[in-house]
file target.pdb (PDB, C-alpha atoms and all ligand atoms)
MODEL        1
ATOM      1  CA  MET A 103      12.135  37.237   6.616
ATOM      2  CA  PRO A 104       9.094  35.174   5.669
ATOM      3  CA  THR A 105       7.226  36.598   2.682
ATOM      4  CA  ASP A 106       3.842  35.093   3.464
ATOM      5  CA  ALA A 107       2.541  35.931   6.925
ATOM      6  CA  SER A 108      -0.063  33.165   6.874
ATOM      7  CA  HIS A 109       2.545  30.525   6.009
ATOM      8  CA  PRO A 110       5.751  31.680   7.672
ATOM      9  CA  ASP A 111       7.550  28.490   6.686
ATOM     10  CA  TYR A 112       7.352  29.282   2.978
ATOM     11  CA  SER A 113       9.820  31.719   1.441
ATOM     12  CA  PRO A 114      12.176  31.997  -1.541
ATOM     13  CA  ALA A 115      14.901  30.512   0.673
ATOM     14  CA  THR A 116      12.795  27.464   1.539
ATOM     15  CA  ALA A 117      12.994  24.584  -0.912
ATOM     16  CA  LEU A 118      10.615  21.669  -1.146
ATOM     17  CA  ILE A 119      12.317  18.295  -1.565
ATOM     18  CA  VAL A 120       9.969  15.666  -2.982
ATOM     19  CA  VAL A 121      11.518  12.307  -2.127
ATOM     20  CA  ASP A 122      11.092   9.185  -4.273
ATOM     21  CA  MET A 123       7.443   9.558  -5.305
ATOM     22  CA  GLN A 124       7.874   6.602  -7.634
ATOM     23  CA  HIS A 125       5.698   3.762  -8.813
ATOM     24  CA  ASP A 126       7.491   1.015  -6.858
ATOM     25  CA  PHE A 127       6.991   2.849  -3.538
ATOM     26  CA  ALA A 128       3.715   4.731  -3.964
ATOM     27  CA  ASP A 129       1.602   2.307  -5.961
ATOM     28  CA  PRO A 130      -0.005  -0.715  -4.228
ATOM     29  CA  ALA A 131       1.234  -2.777  -7.201
ATOM     30  CA  GLY A 132       4.809  -1.551  -6.737
ATOM     31  CA  SER A 133       7.557  -3.960  -5.686
ATOM     32  CA  LEU A 134       8.417  -2.047  -2.490
ATOM     33  CA  TYR A 135       5.025  -0.532  -1.803
ATOM     34  CA  VAL A 136       4.919   1.725   1.258
ATOM     35  CA  ARG A 137       1.482   1.464   2.801
ATOM     36  CA  GLY A 138      -0.551   4.641   2.305
ATOM     37  CA  GLY A 139       1.907   6.027  -0.236
ATOM     38  CA  GLU A 140      -0.863   6.399  -2.800
ATOM     39  CA  ASP A 141      -2.659   8.859  -0.495
ATOM     40  CA  LEU A 142       0.145  11.440  -0.541
ATOM     41  CA  LEU A 143      -0.210  12.883  -4.025
ATOM     42  CA  PRO A 144      -2.899  15.573  -3.485
ATOM     43  CA  GLY A 145      -1.122  16.938  -0.408
ATOM     44  CA  ILE A 146       2.232  16.953  -2.190
ATOM     45  CA  VAL A 147       0.756  18.700  -5.230
ATOM     46  CA  ALA A 148      -0.654  21.392  -2.905
ATOM     47  CA  GLU A 149       2.744  21.678  -1.228
ATOM     48  CA  ILE A 150       4.450  22.134  -4.620
ATOM     49  CA  GLU A 151       1.981  24.909  -5.482
ATOM     50  CA  ARG A 152       2.424  26.651  -2.153
ATOM     51  CA  THR A 153       6.222  26.478  -2.431
ATOM     52  CA  ARG A 154       6.086  27.959  -5.924
ATOM     53  CA  GLU A 155       3.731  30.759  -4.853
ATOM     54  CA  ALA A 156       6.233  31.761  -2.159
ATOM     55  CA  GLY A 157       9.040  31.773  -4.739
ATOM     56  CA  GLY A 158      10.831  28.715  -3.394
ATOM     57  CA  PRO A 159      12.420  26.003  -5.556
ATOM     58  CA  VAL A 160      11.106  22.457  -5.814
ATOM     59  CA  LEU A 161      13.600  19.602  -6.233
ATOM     60  CA  TYR A 162      13.016  15.883  -6.576
ATOM     61  CA  THR A 163      14.907  12.744  -5.689
ATOM     62  CA  GLN A 164      14.557   9.503  -7.621
ATOM     63  CA  ASP A 165      15.746   6.093  -6.435
ATOM     64  CA  TRP A 166      17.576   4.821  -9.529
ATOM     65  CA  HIS A 167      19.219   1.413  -9.205
ATOM     66  CA  PRO A 168      21.042  -0.942 -11.542
ATOM     67  CA  LYS A 169      19.510  -4.401 -12.036
ATOM     68  CA  HIS A 170      22.144  -5.858  -9.715
ATOM     69  CA  THR A 171      23.235  -3.956  -6.624
ATOM     70  CA  PRO A 172      24.235  -4.947  -3.069
ATOM     71  CA  HIS A 173      21.180  -2.875  -2.041
ATOM     72  CA  PHE A 174      18.923  -5.733  -3.241
ATOM     73  CA  ALA A 175      18.385  -8.966  -1.296
ATOM     74  CA  ALA A 176      19.302 -10.995  -4.392
ATOM     75  CA  ASP A 177      22.804  -9.447  -4.230
ATOM     76  CA  GLY A 178      23.393  -9.405  -0.472
ATOM     77  CA  GLY A 179      21.219  -6.465   0.635
ATOM     78  CA  ILE A 180      17.797  -6.353   2.241
ATOM     79  CA  TRP A 181      15.361  -5.017  -0.369
ATOM     80  CA  PRO A 182      13.297  -6.562  -3.094
ATOM     81  CA  VAL A 183      14.276  -5.395  -6.555
ATOM     82  CA  HIS A 184      12.856  -1.874  -6.954
ATOM     83  CA  CYS A 185      13.280   1.333  -8.956
ATOM     84  CA  VAL A 186      15.525  -0.221 -11.576
ATOM     85  CA  MET A 187      16.725   2.577 -13.828
ATOM     86  CA  GLY A 188      14.711   3.010 -16.987
ATOM     87  CA  THR A 189      11.902   0.636 -15.935
ATOM     88  CA  PRO A 190       8.269   1.559 -15.179
ATOM     89  CA  GLY A 191       8.811   0.887 -11.450
ATOM     90  CA  ALA A 192      11.299   3.755 -11.292
ATOM     91  CA  GLU A 193       8.966   6.297 -12.923
ATOM     92  CA  PHE A 194       7.376   9.069 -10.919
ATOM     93  CA  VAL A 195       3.740   8.494 -10.030
ATOM     94  CA  PRO A 196       1.297   9.739 -12.634
ATOM     95  CA  GLY A 197      -0.009  13.189 -11.759
ATOM     96  CA  LEU A 198       3.134  14.354  -9.969
ATOM     97  CA  PRO A 199       4.126  17.701 -11.471
ATOM     98  CA  VAL A 200       7.899  17.507 -11.962
ATOM     99  CA  GLU A 201       8.791  21.181 -12.105
ATOM    100  CA  GLY A 202      12.391  21.231 -10.981
ATOM    101  CA  PRO A 203      15.676  19.365 -10.996
ATOM    102  CA  VAL A 204      15.750  15.638 -10.276
ATOM    103  CA  VAL A 205      18.582  14.097  -8.250
ATOM    104  CA  ARG A 206      19.000  10.393  -8.982
ATOM    105  CA  LYS A 207      20.639   8.240  -6.333
ATOM    106  CA  GLY A 208      21.718   4.664  -5.805
ATOM    107  CA  SER A 209      22.864   4.027  -9.344
ATOM    108  CA  GLY A 210      26.219   2.569  -8.272
ATOM    109  CA  PRO A 211      26.850  -0.250  -5.742
ATOM    110  CA  GLU A 212      25.207   2.012  -3.158
ATOM    111  CA  ASP A 213      22.351   2.311  -0.710
ATOM    112  CA  GLY A 214      21.123   5.678  -1.940
ATOM    113  CA  TYR A 215      18.932   6.559   1.043
ATOM    114  CA  SER A 216      19.880  10.229   1.428
ATOM    115  CA  GLY A 217      19.372  12.753  -1.324
ATOM    116  CA  PHE A 218      22.658  14.347  -0.247
ATOM    117  CA  SER A 219      25.024  11.405  -0.037
ATOM    118  CA  VAL A 220      25.265   7.757  -0.955
ATOM    119  CA  LEU A 221      27.115   4.992   0.846
ATOM    120  CA  ASP A 222      29.182   2.710  -1.372
ATOM    121  CA  LEU A 223      28.366  -0.710   0.082
ATOM    122  CA  ARG A 224      31.583  -2.216  -1.256
ATOM    123  CA  THR A 225      34.091   0.329   0.032
ATOM    124  CA  GLY A 226      32.128   1.837   2.951
ATOM    125  CA  HIS A 227      32.835   5.312   1.569
ATOM    126  CA  THR A 228      30.141   7.920   1.192
ATOM    127  CA  HIS A 229      30.077  10.432  -1.594
ATOM    128  CA  GLU A 230      27.963  13.497  -2.180
ATOM    129  CA  THR A 231      25.262  13.972  -4.758
ATOM    130  CA  GLU A 232      24.725  17.320  -6.497
ATOM    131  CA  LEU A 233      21.825  18.282  -4.181
ATOM    132  CA  ASP A 234      23.760  20.455  -1.716
ATOM    133  CA  SER A 235      25.348  22.535  -4.458
ATOM    134  CA  MET A 236      22.011  22.884  -6.279
ATOM    135  CA  LEU A 237      20.486  24.290  -3.088
ATOM    136  CA  ALA A 238      23.446  26.586  -2.480
ATOM    137  CA  ASP A 239      23.114  27.929  -6.053
ATOM    138  CA  ARG A 240      19.516  28.827  -5.208
ATOM    139  CA  ASN A 241      20.372  30.475  -1.858
ATOM    140  CA  VAL A 242      18.280  27.955   0.029
ATOM    141  CA  THR A 243      18.578  27.837   3.819
ATOM    142  CA  ALA A 244      15.562  25.726   4.791
ATOM    143  CA  LEU A 245      13.991  22.558   3.439
ATOM    144  CA  ARG A 246      10.560  21.044   3.670
ATOM    145  CA  ILE A 247      10.944  17.337   2.944
ATOM    146  CA  VAL A 248       8.025  15.147   1.835
ATOM    147  CA  GLY A 249       7.510  11.782   0.151
ATOM    148  CA  LEU A 250       8.760   8.230   0.728
ATOM    149  CA  ALA A 251       9.795   6.551   2.818
ATOM    150  CA  GLY A 252       9.728   8.238   6.229
ATOM    151  CA  ASP A 253      12.000   5.670   7.873
ATOM    152  CA  TYR A 254      14.553   5.553   5.026
ATOM    153  CA  CYS A 255      15.032   8.212   2.396
ATOM    154  CA  VAL A 256      13.063  11.029   4.030
ATOM    155  CA  LYS A 257      14.793  10.406   7.355
ATOM    156  CA  ALA A 258      18.284  10.159   5.846
ATOM    157  CA  THR A 259      17.764  13.260   3.720
ATOM    158  CA  ALA A 260      16.406  15.306   6.627
ATOM    159  CA  ILE A 261      19.185  14.288   9.027
ATOM    160  CA  ASP A 262      21.860  15.005   6.407
ATOM    161  CA  ALA A 263      20.227  18.386   5.756
ATOM    162  CA  VAL A 264      20.561  19.410   9.403
ATOM    163  CA  GLY A 265      24.180  18.226   9.401
ATOM    164  CA  LEU A 266      24.847  20.457   6.409
ATOM    165  CA  GLY A 267      23.351  23.478   8.193
ATOM    166  CA  TYR A 268      19.863  23.645   6.715
ATOM    167  CA  ALA A 269      16.729  24.032   8.761
ATOM    168  CA  ALA A 270      14.726  20.900   7.949
ATOM    169  CA  ILE A 271      11.004  20.402   8.364
ATOM    170  CA  VAL A 272       9.213  17.097   7.781
ATOM    171  CA  PRO A 273       5.403  17.340   7.673
ATOM    172  CA  LEU A 274       4.396  13.873   8.883
ATOM    173  CA  ARG A 275       1.099  13.995   6.985
ATOM    174  CA  LEU A 276       3.114  14.049   3.757
ATOM    175  CA  THR A 277       5.178  10.900   4.341
ATOM    176  CA  ARG A 278       4.559   7.190   5.024
ATOM    177  CA  PHE A 279       6.791   4.546   6.614
ATOM    178  CA  VAL A 280       7.981   1.119   5.421
ATOM    179  CA  GLU A 281       7.959  -0.261   8.995
ATOM    180  CA  LEU A 282      10.041  -3.277   8.051
ATOM    181  CA  HIS A 283      10.047  -3.965  11.797
ATOM    182  CA  PRO A 284       7.319  -2.807  14.208
ATOM    183  CA  GLY A 285       8.356   0.413  15.902
ATOM    184  CA  ASP A 286      10.442   1.646  12.971
ATOM    185  CA  ARG A 287       8.119   4.603  12.454
ATOM    186  CA  ASP A 288       8.474   5.844  16.026
ATOM    187  CA  ALA A 289      12.228   5.218  16.010
ATOM    188  CA  ALA A 290      12.584   7.210  12.783
ATOM    189  CA  VAL A 291      10.533  10.114  14.130
ATOM    190  CA  GLU A 292      12.619  10.125  17.303
ATOM    191  CA  ALA A 293      15.908   9.984  15.376
ATOM    192  CA  MET A 294      14.840  12.941  13.236
ATOM    193  CA  ALA A 295      13.714  14.957  16.261
ATOM    194  CA  GLU A 296      16.969  14.201  18.080
ATOM    195  CA  ALA A 297      18.972  15.335  15.083
ATOM    196  CA  GLY A 298      17.144  18.672  15.092
ATOM    197  CA  VAL A 299      14.610  18.060  12.336
ATOM    198  CA  GLU A 300      11.368  19.938  12.953
ATOM    199  CA  LEU A 301       8.398  17.616  12.737
ATOM    200  CA  GLU A 302       5.072  19.029  11.678
ATOM    201  CA  ASP A 303       1.663  17.323  11.631
TER     202      ASP A 303
HETATM  203  C1  LIG B 401      13.957   3.643  -0.042
HETATM  204  C2  LIG B 401      14.254   1.493   0.699
HETATM  205  C3  LIG B 401      15.093   1.231  -0.345
HETATM  206  C4  LIG B 401      13.288   4.964   0.137
HETATM  207  C5  LIG B 401      14.826   3.398  -1.090
HETATM  208  O1  LIG B 401      13.054   5.676  -0.866
HETATM  209  O2  LIG B 401      12.963   5.318   1.295
HETATM  210  N1  LIG B 401      13.700   2.700   0.857
HETATM  211  N2  LIG B 401      15.366   2.184  -1.240
HETATM  212 ZN    ZN B 402      16.376   1.815  -3.104
ENDMDL
END
call {"tool": "encode", "arguments": {"input": "target.pdb", "output": "structure tokens", "more": "lines below"}}
Ligand code: VGL
Ligand code: ZN
result
Amino acid sequence: MPTDASHPDYSPATALIVVDMQHDFADPAGSLYVRGGEDLLPGIVAEIERTREAGGPVLYTQDWHPKHTPHFAADGGIWPVHCVMGTPGAEFVPGLPVEGPVVRKGSGPEDGYSGFSVLDLRTGHTHETELDSMLADRNVTALRIVGLAGDYCVKATAIDAVGLGYAAIVPLRLTRFVELHPGDRDAAVEAMAEAGVELED
């Protein structure tokens, strides 16, 4: 039962997942800058506060790659070098309150799009991160997912969440899209809706 009548989506069983709010994605000087990413911080900070007030947990994902990975174009993938572990590009944006556990992903020869699972690009096998068990430990049944990027990590995390049995809500005002190809935003929104993700303005 929702605890806050004015915000029925917020409750102790609803976690906020803050996806990849890192320098390389959210800063115009970042190596894989997602247009508009720098505008998200105030809304995400408010969302963190609102989640906390309702007694819900806040968890974070962090793209965390080795210097060489088949995820990068230089090593057979599609992306510029980004979020290399331990470098400034991988740091969270200044001003982001990090008040909960951080799940790092993509630190093997992996894609690392979803906060729940990573695909090993060499073997084709996926393996789980610790996120699902962290949420289970906290009796979470619903997720609000915000951050970057809407057509990659937010989408993959939200679709995995539904597959694992969570209710998943993506507030579109709190994400931005890479749009590597025109139409990727709309395709991502449609894929999430089809999977059963609830999209909010
Ligand atoms: C992401 C592209 C490559 C993301 C991560 O966080 O959405 N996108 N690595
Ligand atoms: Zn990445």
call {"tool": "atom_distance", "arguments": {"input": "target.pdb", "atom1": "atom CA of A:Ala117", "atom2": "atom CA of A:Val280"}}
result
24.8 Å
call {"tool": "resolve_selection", "arguments": {"input": "target.pdb", "expression": "the PyMOL selection byres (((chain A and resi 198-205) around 6) and not hetatm)", "output": "PyMOL selection string"}}
result
chain A and resi 160-163+195-197+206
call {"tool": "resolve_selection", "arguments": {"input": "target.pdb", "expression": "the PyMOL selection byres (((chain A and resi 151) around 12) and not hetatm)", "output": "short mmCIF file (atom, residue, chain, number, x, y, z; two decimals) with C-alpha atoms, in the frame of the given file"}}
result
data_model
loop_
_atom_site.label_atom_id
_atom_site.label_comp_id
_atom_site.auth_asym_id
_atom_site.auth_seq_id
_atom_site.Cartn_x
_atom_site.Cartn_y
_atom_site.Cartn_z
CA TYR A 112 7.35 29.28 2.98
CA ALA A 117 12.99 24.58 -0.91
CA LEU A 118 10.62 21.67 -1.15
CA PRO A 144 -2.90 15.57 -3.48
CA GLY A 145 -1.12 16.94 -0.41
CA ILE A 146 2.23 16.95 -2.19
CA VAL A 147 0.76 18.70 -5.23
CA ALA A 148 -0.65 21.39 -2.90
CA GLU A 149 2.74 21.68 -1.23
CA ILE A 150 4.45 22.13 -4.62
CA ARG A 152 2.42 26.65 -2.15
CA THR A 153 6.22 26.48 -2.43
CA ARG A 154 6.09 27.96 -5.92
CA GLU A 155 3.73 30.76 -4.85
CA ALA A 156 6.23 31.76 -2.16
CA GLY A 157 9.04 31.77 -4.74
CA GLY A 158 10.83 28.72 -3.39
CA PRO A 159 12.42 26.00 -5.56
CA VAL A 160 11.11 22.46 -5.81
CA LEU A 198 3.13 14.35 -9.97
CA PRO A 199 4.13 17.70 -11.47
CA VAL A 200 7.90 17.51 -11.96
CA GLU A 201 8.79 21.18 -12.10
#
call {"tool": "residues_near_ligand", "arguments": {"input": "target.pdb", "ligand": "ligand LIG 401 (chain B)", "cutoff": "10 Å", "atoms": "only C-alpha atoms and all ligand atoms", "output": "number ranges by chain"}}
result
A: 121-124, 126-128, 134-136, 163-167, 173-174, 179-185, 207-208, 213-217, 249-259, 278-280, 282
call {"tool": "axis_aligned_box", "arguments": {"input": "target.pdb", "around": "stretch 231-235 of chain A", "padding_each_side": "5 Å", "output": "lines of an AutoDock Vina configuration file"}}
result
center_x = 23.6
center_y = 18.3
center_z = -4.1
size_x = 13.5
size_y = 18.6
size_z = 14.8
call {"tool": "atom_distance", "arguments": {"input": "target.pdb", "atom1": "atom CA of A:Gly267", "atom2": "atom CA of A:Val291"}}
result
19.4 Å
call {"tool": "residues_around", "arguments": {"input": "target.pdb", "residues": "A:Pro130", "least_positions_apart": "6", "cutoff": "10 Å", "atoms": "only C-alpha atoms", "output": "PyMOL selection string"}}
result
chain A and resi 136-140
call {"tool": "closest_residue", "arguments": {"input": "target.pdb", "among": "A:Leu221, A:Val272, A:Ala115, A:Ile261", "to": "A:Val242", "atoms": "all atoms listed in the file"}}
result
A:Ala115
call {"tool": "closest_residue", "arguments": {"input": "target.pdb", "among": "A:Asp262, A:Ala192, A:Leu276, A:Asp177", "to": "A:Asp141", "atoms": "only C-alpha atoms"}}
result
A:Leu276
call {"tool": "resolve_selection", "arguments": {"input": "target.pdb", "expression": "the PyMOL selection byres (((chain A and resi 241) around 12) and not hetatm)", "output": "compact mmCIF listing (two decimals) with C-alpha atoms, keeping the file's coordinate frame"}}
result
# COMPACT_ATOMS: atom_id res chain seq x y z
CA SER A 113 9.82 31.72 1.44
CA PRO A 114 12.18 32.00 -1.54
CA ALA A 115 14.90 30.51 0.67
CA THR A 116 12.80 27.46 1.54
CA ALA A 117 12.99 24.58 -0.91
CA GLY A 157 9.04 31.77 -4.74
CA GLY A 158 10.83 28.72 -3.39
CA PRO A 159 12.42 26.00 -5.56
CA ASP A 234 23.76 20.45 -1.72
CA SER A 235 25.35 22.54 -4.46
CA MET A 236 22.01 22.88 -6.28
CA LEU A 237 20.49 24.29 -3.09
CA ALA A 238 23.45 26.59 -2.48
CA ASP A 239 23.11 27.93 -6.05
CA ARG A 240 19.52 28.83 -5.21
CA VAL A 242 18.28 27.96 0.03
CA THR A 243 18.58 27.84 3.82
CA ALA A 244 15.56 25.73 4.79
CA LEU A 245 13.99 22.56 3.44
CA TYR A 268 19.86 23.64 6.72
call {"tool": "closest_residue", "arguments": {"input": "target.pdb", "among": "A:Asp129, A:Pro284, A:Ser209, A:Gly188", "to": "ligand ZN 402 (chain B)", "atoms": "only C-alpha atoms and all ligand atoms"}}
result
A:Ser209
call {"tool": "closest_residue", "arguments": {"input": "target.pdb", "among": "A:Leu233, A:Val299, A:Ala270, A:Val186", "to": "ligand ZN 402 (chain B)", "atoms": "all atoms listed in the file"}}
result
A:Val186
call {"tool": "atom_distance", "arguments": {"input": "target.pdb", "atom1": "atom CA of A:Ser219", "atom2": "atom CA of A:Thr231"}}
result
5.4 Å
call {"tool": "closest_residue", "arguments": {"input": "target.pdb", "among": "A:His125, A:Arg246, A:His170, A:His229", "to": "A:Pro190", "atoms": "only C-alpha atoms"}}
result
A:His125
call {"tool": "closest_residue", "arguments": {"input": "target.pdb", "among": "A:Ala290, A:Val220, A:Ala295, A:Leu143", "to": "ligand ZN 402 (chain B)", "atoms": "all atoms listed in the file"}}
result
A:Val220
call {"tool": "residues_around", "arguments": {"input": "target.pdb", "residues": "A:Pro273", "least_positions_apart": "6", "cutoff": "7 Å", "atoms": "all atoms listed in the file", "output": "list in words"}}
result
Val248, Leu301, Glu302 and Asp303 of chain A
